Amino acid sequence: MITGGAGFIGANFAHYWLAQYPQDRVVVLDALTYAGNMASLAGCLELENFRFVHGDIGDQDLVETLLAEEGLDTVVNFAAESHVDRSIHGPDPFVTTNVVGTHSLLKAAKKVWLDGGGRPHRFHHVSTDEVYGSLTSEEPPFTETSPYAPNSPYSASKAASDHLVRAYHHTYGLEVTTSNCSNNYGPYQFPEKLIPLIILNLLEAKPLPIYGDGLNIRDWLYVEDHCRGIDLVLRKGRVGEVYNIGGNNEWRNIEIVRLVCSLVDERLAASESLRQRFPRSPVCQGHTAESLITFVKDRPGHDRRYAIDAAKSRNELEYAPLESFETGIRKTIDWYLANETWWRAVMNGSYRDWLEKQYA
Ligand code: NAD
Ligand code: DAU
């Protein structure tokens, strides 16, 4: 069962999994919040061994029924409220889904897999590097033993869920693993997050908002490498353990935005048909995309730097990212250029309301 499988990483994981293990039965459970999109599962929905269920991880009865009736032995929990800025405006849904929802999922798994006499199972929880807090430029990257120090309502809710997962293992013997990953980018990412927001704003000649001084650092990983990392944890990871997954690829926000600008300029300059499709884009107006960069008010409590030490995953699981940033970012830009129908559909009224509230 892939929870949150209509979201960015969950949908990529569903595609990845069905390509790797075409015989497996896969059930996606997703509440289809603003970030969930059935269109991201095109190609899976038609398969006989795939089932989409519209539902909430907090619905314990539903999860128990699905686990039992479908004979499922693995849960990979992606379902979450995932955007830091939204958690600052309104933390409640973050506690409801990330904490209470994950707890409900754990209760369902325990009931079906343990209380019914015990059967082989795995509960994998997908978490984030943000639970470890913020690094200075001199500090070494986060390891699995770095103390938890979450700074936003989002990261605090993810930290709480990580603790519950750990507790269900130690107290009840539920067979769990957790992975803490750095910033993902790639196809199907909702355009509230930095990279798709920049690509799409740029095509429409809208300002490219950079929080604060633009010098915050993130470690960027192509989403398929994250999926591969989770697969390795499921197959080779030790029960009860936590594995960090990262890209060893630290960038300042302003540098990322400049890179995206130059690559999109390059693509448009080389293609007459793209220029016809995006006539407002800077290249068509005789200037560079960088001219749209706008420094805006900083995110409250904005973590300065995240960086992941993935040595444990490398040594125990033979994990290594396969995609270089150079190729991954080009693939991502090309995906957004080729999938205008997908992104136009998600930029609806509620998305415009969000932009107005956040970037007023
Ligand atoms: P996303 O916001 O794109 O997708 C989340 C999905 O969960 C959506 O499809 C949404 O409909 C669904 N969902 C939300 N509440 C639900 C509920 N109560 N019941 C069922 N489904 C629900 O998020 P994402 O970026 O794909 O992140 C997926 C997971 O990976 C999250 O747990 C996030 O914390 C974690 N993570 C994300 C990143 C990143 O860079 N995006 C990095 C590390 C970890
Ligand atoms: O580190 C993993 C985390 O990465 C995940 O747990 C989260 O779910 C995911 O959303 C992401 O969190 P960030 O806050 O790092 O991602 P976001 O894309 O929102 O922002 C990346 C950086 O860019 C951050 O320093 C804030 C900055 N930013 C973001 C936006 C949306 C801007 O400067 N301007 C913007 O408009």
# chains A, B, ... in the order shown; residues from 1 in each chain; ligands from 1
$ closest_atom_pairs --of "chain A" --to "ligand 1" --cutoff "7 Å" --atoms "only C-alpha atoms and all ligand atoms" --output "tab-separated table"
residue	atom	partner	partner_atom_place_in_ligand_line	distance
A:Thr3	CA	ligand 1	21 (N)	5.9
A:Gly4	CA	ligand 1	7 (O)	3.5
A:Gly5	CA	ligand 1	9 (O)	5.7
A:Ala6	CA	ligand 1	9 (O)	4.0
A:Gly7	CA	ligand 1	9 (O)	3.2
A:Phe8	CA	ligand 1	26 (O)	3.6
A:Ile9	CA	ligand 1	26 (O)	3.7
A:Gly10	CA	ligand 1	26 (O)	5.5
A:Leu29	CA	ligand 1	20 (C)	6.0
A:Asp30	CA	ligand 1	21 (N)	3.7
A:Ala31	CA	ligand 1	21 (N)	4.0
A:Leu32	CA	ligand 1	11 (O)	3.6
A:Thr33	CA	ligand 1	11 (O)	3.9
A:Tyr34	CA	ligand 1	11 (O)	6.4
A:Ala35	CA	ligand 1	8 (C)	4.7
A:Gly36	CA	ligand 1	9 (O)	3.1
A:Asn37	CA	ligand 1	9 (O)	6.3
A:Gly55	CA	ligand 1	20 (C)	5.9
A:Asp56	CA	ligand 1	19 (N)	3.5
A:Ile57	CA	ligand 1	19 (N)	4.1
A:Gly58	CA	ligand 1	18 (N)	5.9
A:Asn77	CA	ligand 1	32 (O)	6.9
A:Phe78	CA	ligand 1	29 (C)	4.1
A:Ala79	CA	ligand 1	7 (O)	3.6
A:Ala80	CA	ligand 1	14 (C)	4.4
A:Glu81	CA	ligand 1	14 (C)	5.2
A:Ser82	CA	ligand 1	2 (O)	4.6
A:His83	CA	ligand 1	2 (O)	6.6
A:Thr97	CA	ligand 1	18 (N)	4.5
A:Gly101	CA	ligand 1	18 (N)	5.9
A:Val126	CA	ligand 1	32 (O)	5.4
A:Ser127	CA	ligand 1	44 (C)	4.7
A:Thr128	CA	ligand 1	44 (C)	4.0
A:Asp129	CA	ligand 1	43 (C)	6.5
A:Lys158	CA	ligand 1	34 (O)	6.5
A:Asn180	CA	ligand 1	43 (C)	6.4
A:Cys181	CA	ligand 1	43 (C)	4.3
A:Ser182	CA	ligand 1	42 (C)	5.1
A:Asn183	CA	ligand 1	40 (O)	3.6
A:Asn184	CA	ligand 1	40 (O)	3.8
A:Tyr185	CA	ligand 1	40 (O)	6.6
A:Gln189	CA	ligand 1	3 (O)	6.1
A:Phe190	CA	ligand 1	3 (O)	5.9
$ residues_near_ligand --ligand "ligand 2" --cutoff "9 Å" --atoms "only C-alpha atoms and all ligand atoms" --output "PDB file with C-alpha atoms, in the first residue's frame"
ATOM      1  CA  ALA A  80       1.376  14.044   4.534  1.00  0.00           C
ATOM      2  CA  GLU A  81       0.864  17.736   4.438  1.00  0.00           C
ATOM      3  CA  SER A  82       4.268  18.612   2.998  1.00  0.00           C
ATOM      4  CA  HIS A  83       4.679  22.354   2.447  1.00  0.00           C
ATOM      5  CA  VAL A  84       6.536  24.350   5.108  1.00  0.00           C
ATOM      6  CA  ASP A  85       4.958  27.704   4.158  1.00  0.00           C
ATOM      7  CA  SER A 127      10.384  11.274   6.548  1.00  0.00           C
ATOM      8  CA  THR A 128      12.565  14.290   5.977  1.00  0.00           C
ATOM      9  CA  ASP A 129      15.945  15.794   6.827  1.00  0.00           C
ATOM     10  CA  GLU A 130      14.062  18.804   8.265  1.00  0.00           C
ATOM     11  CA  VAL A 131      13.465  16.946  11.539  1.00  0.00           C
ATOM     12  CA  TYR A 154       5.680  20.916   9.308  1.00  0.00           C
ATOM     13  CA  SER A 155       8.980  19.470  10.543  1.00  0.00           C
ATOM     14  CA  LYS A 158       7.034  14.895  10.841  1.00  0.00           C
ATOM     15  CA  ASN A 180      14.884  10.721   6.170  1.00  0.00           C
ATOM     16  CA  CYS A 181      15.465  12.335   2.811  1.00  0.00           C
ATOM     17  CA  SER A 182      16.660  15.688   1.496  1.00  0.00           C
ATOM     18  CA  ASN A 183      14.852  17.988  -0.993  1.00  0.00           C
ATOM     19  CA  ASN A 184      13.430  16.121  -3.974  1.00  0.00           C
ATOM     20  CA  TYR A 185      12.850  17.531  -7.446  1.00  0.00           C
ATOM     21  CA  PRO A 191       4.214  24.129  -8.190  1.00  0.00           C
ATOM     22  CA  GLU A 192       4.164  25.551  -4.672  1.00  0.00           C
ATOM     23  CA  LYS A 193       7.702  24.143  -4.190  1.00  0.00           C
ATOM     24  CA  LEU A 194      10.746  26.130  -5.302  1.00  0.00           C
ATOM     25  CA  ILE A 195      11.868  24.427  -8.528  1.00  0.00           C
ATOM     26  CA  PRO A 196       8.503  23.984 -10.313  1.00  0.00           C
ATOM     27  CA  LEU A 197       7.341  27.389  -9.046  1.00  0.00           C
ATOM     28  CA  ILE A 198      10.372  29.021 -10.669  1.00  0.00           C
ATOM     29  CA  LEU A 208      10.690  34.652  -9.271  1.00  0.00           C
ATOM     30  CA  PRO A 209      10.373  35.063  -5.483  1.00  0.00           C
ATOM     31  CA  ILE A 210      13.532  34.449  -3.443  1.00  0.00           C
ATOM     32  CA  TYR A 211      13.082  34.437   0.319  1.00  0.00           C
ATOM     33  CA  GLY A 212      15.487  36.581   2.361  1.00  0.00           C
ATOM     34  CA  ASP A 213      19.018  36.789   0.969  1.00  0.00           C
ATOM     35  CA  GLY A 214      18.689  33.628  -1.155  1.00  0.00           C
ATOM     36  CA  LEU A 215      21.680  32.045   0.566  1.00  0.00           C
ATOM     37  CA  ASN A 216      19.825  29.207   2.313  1.00  0.00           C
ATOM     38  CA  ILE A 217      21.188  25.835   1.314  1.00  0.00           C
ATOM     39  CA  ARG A 218      19.350  22.634   0.427  1.00  0.00           C
ATOM     40  CA  ASP A 219      20.634  19.212  -0.709  1.00  0.00           C
ATOM     41  CA  TRP A 220      18.751  18.323  -3.909  1.00  0.00           C
ATOM     42  CA  ARG A 252      22.202  27.954  -2.404  1.00  0.00           C
ATOM     43  CA  ASN A 253      18.657  28.874  -3.448  1.00  0.00           C
ATOM     44  CA  ILE A 254      19.807  31.809  -5.553  1.00  0.00           C
ATOM     45  CA  VAL A 257      17.197  29.783  -9.458  1.00  0.00           C
ATOM     46  CA  PHE A 295      13.847  39.155  -3.307  1.00  0.00           C
ATOM     47  CA  VAL A 296      10.840  38.911  -0.990  1.00  0.00           C
ATOM     48  CA  ASP A 298      11.897  35.751   4.360  1.00  0.00           C
ATOM     49  CA  ARG A 299      10.051  32.635   5.560  1.00  0.00           C
ATOM     50  CA  HIS A 302      13.685  29.750   7.738  1.00  0.00           C
ATOM     51  CA  ASP A 303      16.239  26.944   8.251  1.00  0.00           C
ATOM     52  CA  ARG A 304      19.609  28.040   6.897  1.00  0.00           C
ATOM     53  CA  ARG A 305      21.089  24.803   5.675  1.00  0.00           C
ATOM     54  CA  TYR A 306      20.209  21.123   5.326  1.00  0.00           C
ATOM     55  CA  ALA A 307      22.760  18.486   4.327  1.00  0.00           C
ATOM     56  CA  GLN A 358       1.779  33.826   0.312  1.00  0.00           C
ATOM     57  CA  TYR A 359       3.322  36.384  -2.035  1.00  0.00           C
TER      58      TYR A 359
END
$ closest_residue --among "A:Ser152, A:Ser87, A:Ser281, A:Thr102" --to "Arg166 in chain A" --atoms "only C-alpha atoms"
A:Thr102
$ select_by_dssp --residues "range 52-233 of chain A" --states "strand (DSSP E or B)" --output "ChimeraX atom specification"
/A:52-54,74-77,122-128,142,176-181,183-185,208-211,217-222
$ select_by_dssp --residues "range 84-239 of chain A" --states "helix (DSSP H, G or I)" --output "ChimeraX atom specification"
/A:84-89,92-115,129-132,153-172,194-203,223-236
$ residues_around --residues "His169 in chain A" --least-positions-apart "3" --cutoff "12 Å" --atoms "only C-alpha atoms" --output "number ranges by chain"
A: 106-107, 109-110, 114, 122-125, 162-166, 172-178, 239-242
$ closest_residue --among "A:Ala14, A:Leu135, A:Leu203, A:Val100" --to "Gln276 in chain A" --atoms "only C-alpha atoms"
A:Leu203
$ residues_around --residues "Thr332 in chain A" --least-positions-apart "6" --cutoff "12 Å" --atoms "only C-alpha atoms" --output "JSON list (two decimals) with N, CA, C and O atoms, in the first residue's frame"
[["chain", "number", "residue", "atom", "x", "y", "z"],
["A", 184, "ASN", "N", 13.62, 16.81, -2.70],
["A", 184, "ASN", "CA", 13.43, 16.12, -3.97],
["A", 184, "ASN", "C", 13.03, 17.12, -5.06],
["A", 184, "ASN", "O", 12.38, 18.13, -4.79],
["A", 185, "TYR", "N", 13.36, 16.78, -6.30],
["A", 185, "TYR", "CA", 12.85, 17.53, -7.45],
["A", 185, "TYR", "C", 12.62, 16.53, -8.57],
["A", 185, "TYR", "O", 13.18, 15.43, -8.56],
["A", 186, "GLY", "N", 11.75, 16.90, -9.53],
["A", 186, "GLY", "CA", 11.47, 16.00, -10.65],
["A", 186, "GLY", "C", 10.03, 16.16, -11.12],
["A", 186, "GLY", "O", 9.33, 17.09, -10.72],
["A", 187, "PRO", "N", 9.57, 15.21, -11.96],
["A", 187, "PRO", "CA", 8.22, 15.28, -12.51],
["A", 187, "PRO", "C", 7.14, 15.22, -11.43],
["A", 187, "PRO", "O", 7.35, 14.61, -10.39],
["A", 188, "TYR", "N", 5.97, 15.81, -11.72],
["A", 188, "TYR", "CA", 4.77, 15.74, -10.87],
["A", 188, "TYR", "C", 4.89, 16.52, -9.57],
["A", 188, "TYR", "O", 4.10, 16.30, -8.66],
["A", 189, "GLN", "N", 5.89, 17.41, -9.42],
["A", 189, "GLN", "CA", 5.96, 18.15, -8.15],
["A", 189, "GLN", "C", 5.01, 19.35, -8.22],
["A", 189, "GLN", "O", 4.99, 20.11, -9.19],
["A", 195, "ILE", "N", 11.43, 24.64, -7.13],
["A", 195, "ILE", "CA", 11.87, 24.43, -8.53],
["A", 195, "ILE", "C", 10.71, 24.53, -9.53],
["A", 195, "ILE", "O", 10.78, 25.32, -10.48],
["A", 196, "PRO", "N", 9.58, 23.80, -9.33],
["A", 196, "PRO", "CA", 8.50, 23.98, -10.31],
["A", 196, "PRO", "C", 7.90, 25.39, -10.29],
["A", 196, "PRO", "O", 7.49, 25.91, -11.34],
["A", 198, "ILE", "N", 9.48, 28.16, -9.87],
["A", 198, "ILE", "CA", 10.37, 29.02, -10.67],
["A", 198, "ILE", "C", 10.18, 28.73, -12.16],
["A", 198, "ILE", "O", 10.05, 29.65, -12.98],
["A", 199, "ILE", "N", 10.13, 27.45, -12.53],
["A", 199, "ILE", "CA", 9.99, 27.11, -13.96],
["A", 199, "ILE", "C", 8.69, 27.72, -14.51],
["A", 199, "ILE", "O", 8.68, 28.36, -15.56],
["A", 200, "LEU", "N", 7.60, 27.53, -13.77],
["A", 200, "LEU", "CA", 6.30, 27.94, -14.32],
["A", 200, "LEU", "C", 6.12, 29.45, -14.25],
["A", 200, "LEU", "O", 5.57, 30.05, -15.18],
["A", 221, "LEU", "N", 17.90, 16.14, -4.53],
["A", 221, "LEU", "CA", 17.96, 14.76, -5.00],
["A", 221, "LEU", "C", 16.87, 14.52, -6.04],
["A", 221, "LEU", "O", 15.70, 14.88, -5.81],
["A", 222, "TYR", "N", 17.23, 13.90, -7.16],
["A", 222, "TYR", "CA", 16.23, 13.57, -8.18],
["A", 222, "TYR", "C", 15.28, 12.52, -7.60],
["A", 222, "TYR", "O", 15.72, 11.53, -6.99],
["A", 223, "VAL", "N", 13.98, 12.72, -7.81],
["A", 223, "VAL", "CA", 12.98, 11.93, -7.09],
["A", 223, "VAL", "C", 13.13, 10.42, -7.31],
["A", 223, "VAL", "O", 12.89, 9.62, -6.39],
["A", 224, "GLU", "N", 13.56, 10.01, -8.52],
["A", 224, "GLU", "CA", 13.70, 8.57, -8.76],
["A", 224, "GLU", "C", 14.79, 7.96, -7.89],
["A", 224, "GLU", "O", 14.71, 6.79, -7.50],
["A", 260, "VAL", "N", 18.24, 27.42, -13.18],
["A", 260, "VAL", "CA", 16.97, 27.13, -13.88],
["A", 260, "VAL", "C", 16.72, 28.21, -14.93],
["A", 260, "VAL", "O", 16.32, 27.92, -16.07],
["A", 263, "LEU", "N", 18.92, 27.62, -17.98],
["A", 263, "LEU", "CA", 18.54, 26.43, -18.77],
["A", 263, "LEU", "C", 17.22, 26.65, -19.52],
["A", 263, "LEU", "O", 17.08, 26.22, -20.67],
["A", 264, "VAL", "N", 16.27, 27.34, -18.88],
["A", 264, "VAL", "CA", 15.00, 27.58, -19.59],
["A", 264, "VAL", "C", 15.22, 28.57, -20.74],
["A", 264, "VAL", "O", 14.71, 28.38, -21.85],
["A", 323, "GLU", "N", 21.31, 9.82, -10.72],
["A", 323, "GLU", "CA", 21.10, 10.98, -11.60],
["A", 323, "GLU", "C", 22.03, 12.11, -11.19],
["A", 323, "GLU", "O", 22.09, 12.44, -10.01],
["A", 325, "PHE", "N", 22.96, 16.14, -11.05],
["A", 325, "PHE", "CA", 22.08, 17.31, -10.98],
["A", 325, "PHE", "C", 21.92, 17.93, -12.36],
["A", 325, "PHE", "O", 20.83, 18.36, -12.75],
["A", 326, "GLU", "N", 23.02, 17.97, -13.10],
["A", 326, "GLU", "CA", 23.03, 18.53, -14.46],
["A", 326, "GLU", "C", 21.96, 17.87, -15.34],
["A", 326, "GLU", "O", 21.18, 18.54, -16.01],
["A", 338, "ALA", "N", 6.90, 19.66, -21.45],
["A", 338, "ALA", "CA", 6.12, 18.67, -22.21],
["A", 338, "ALA", "C", 4.77, 18.36, -21.58],
["A", 338, "ALA", "O", 3.93, 17.71, -22.20],
["A", 339, "ASN", "N", 4.55, 18.78, -20.35],
["A", 339, "ASN", "CA", 3.32, 18.37, -19.63],
["A", 339, "ASN", "C", 2.51, 19.57, -19.15],
["A", 339, "ASN", "O", 2.09, 19.65, -18.00]]
$ closest_residue --among "A:Val63, A:Ser137, A:Asp73, A:Ile88" --to "His103 in chain A" --atoms "only C-alpha atoms"
A:Val63
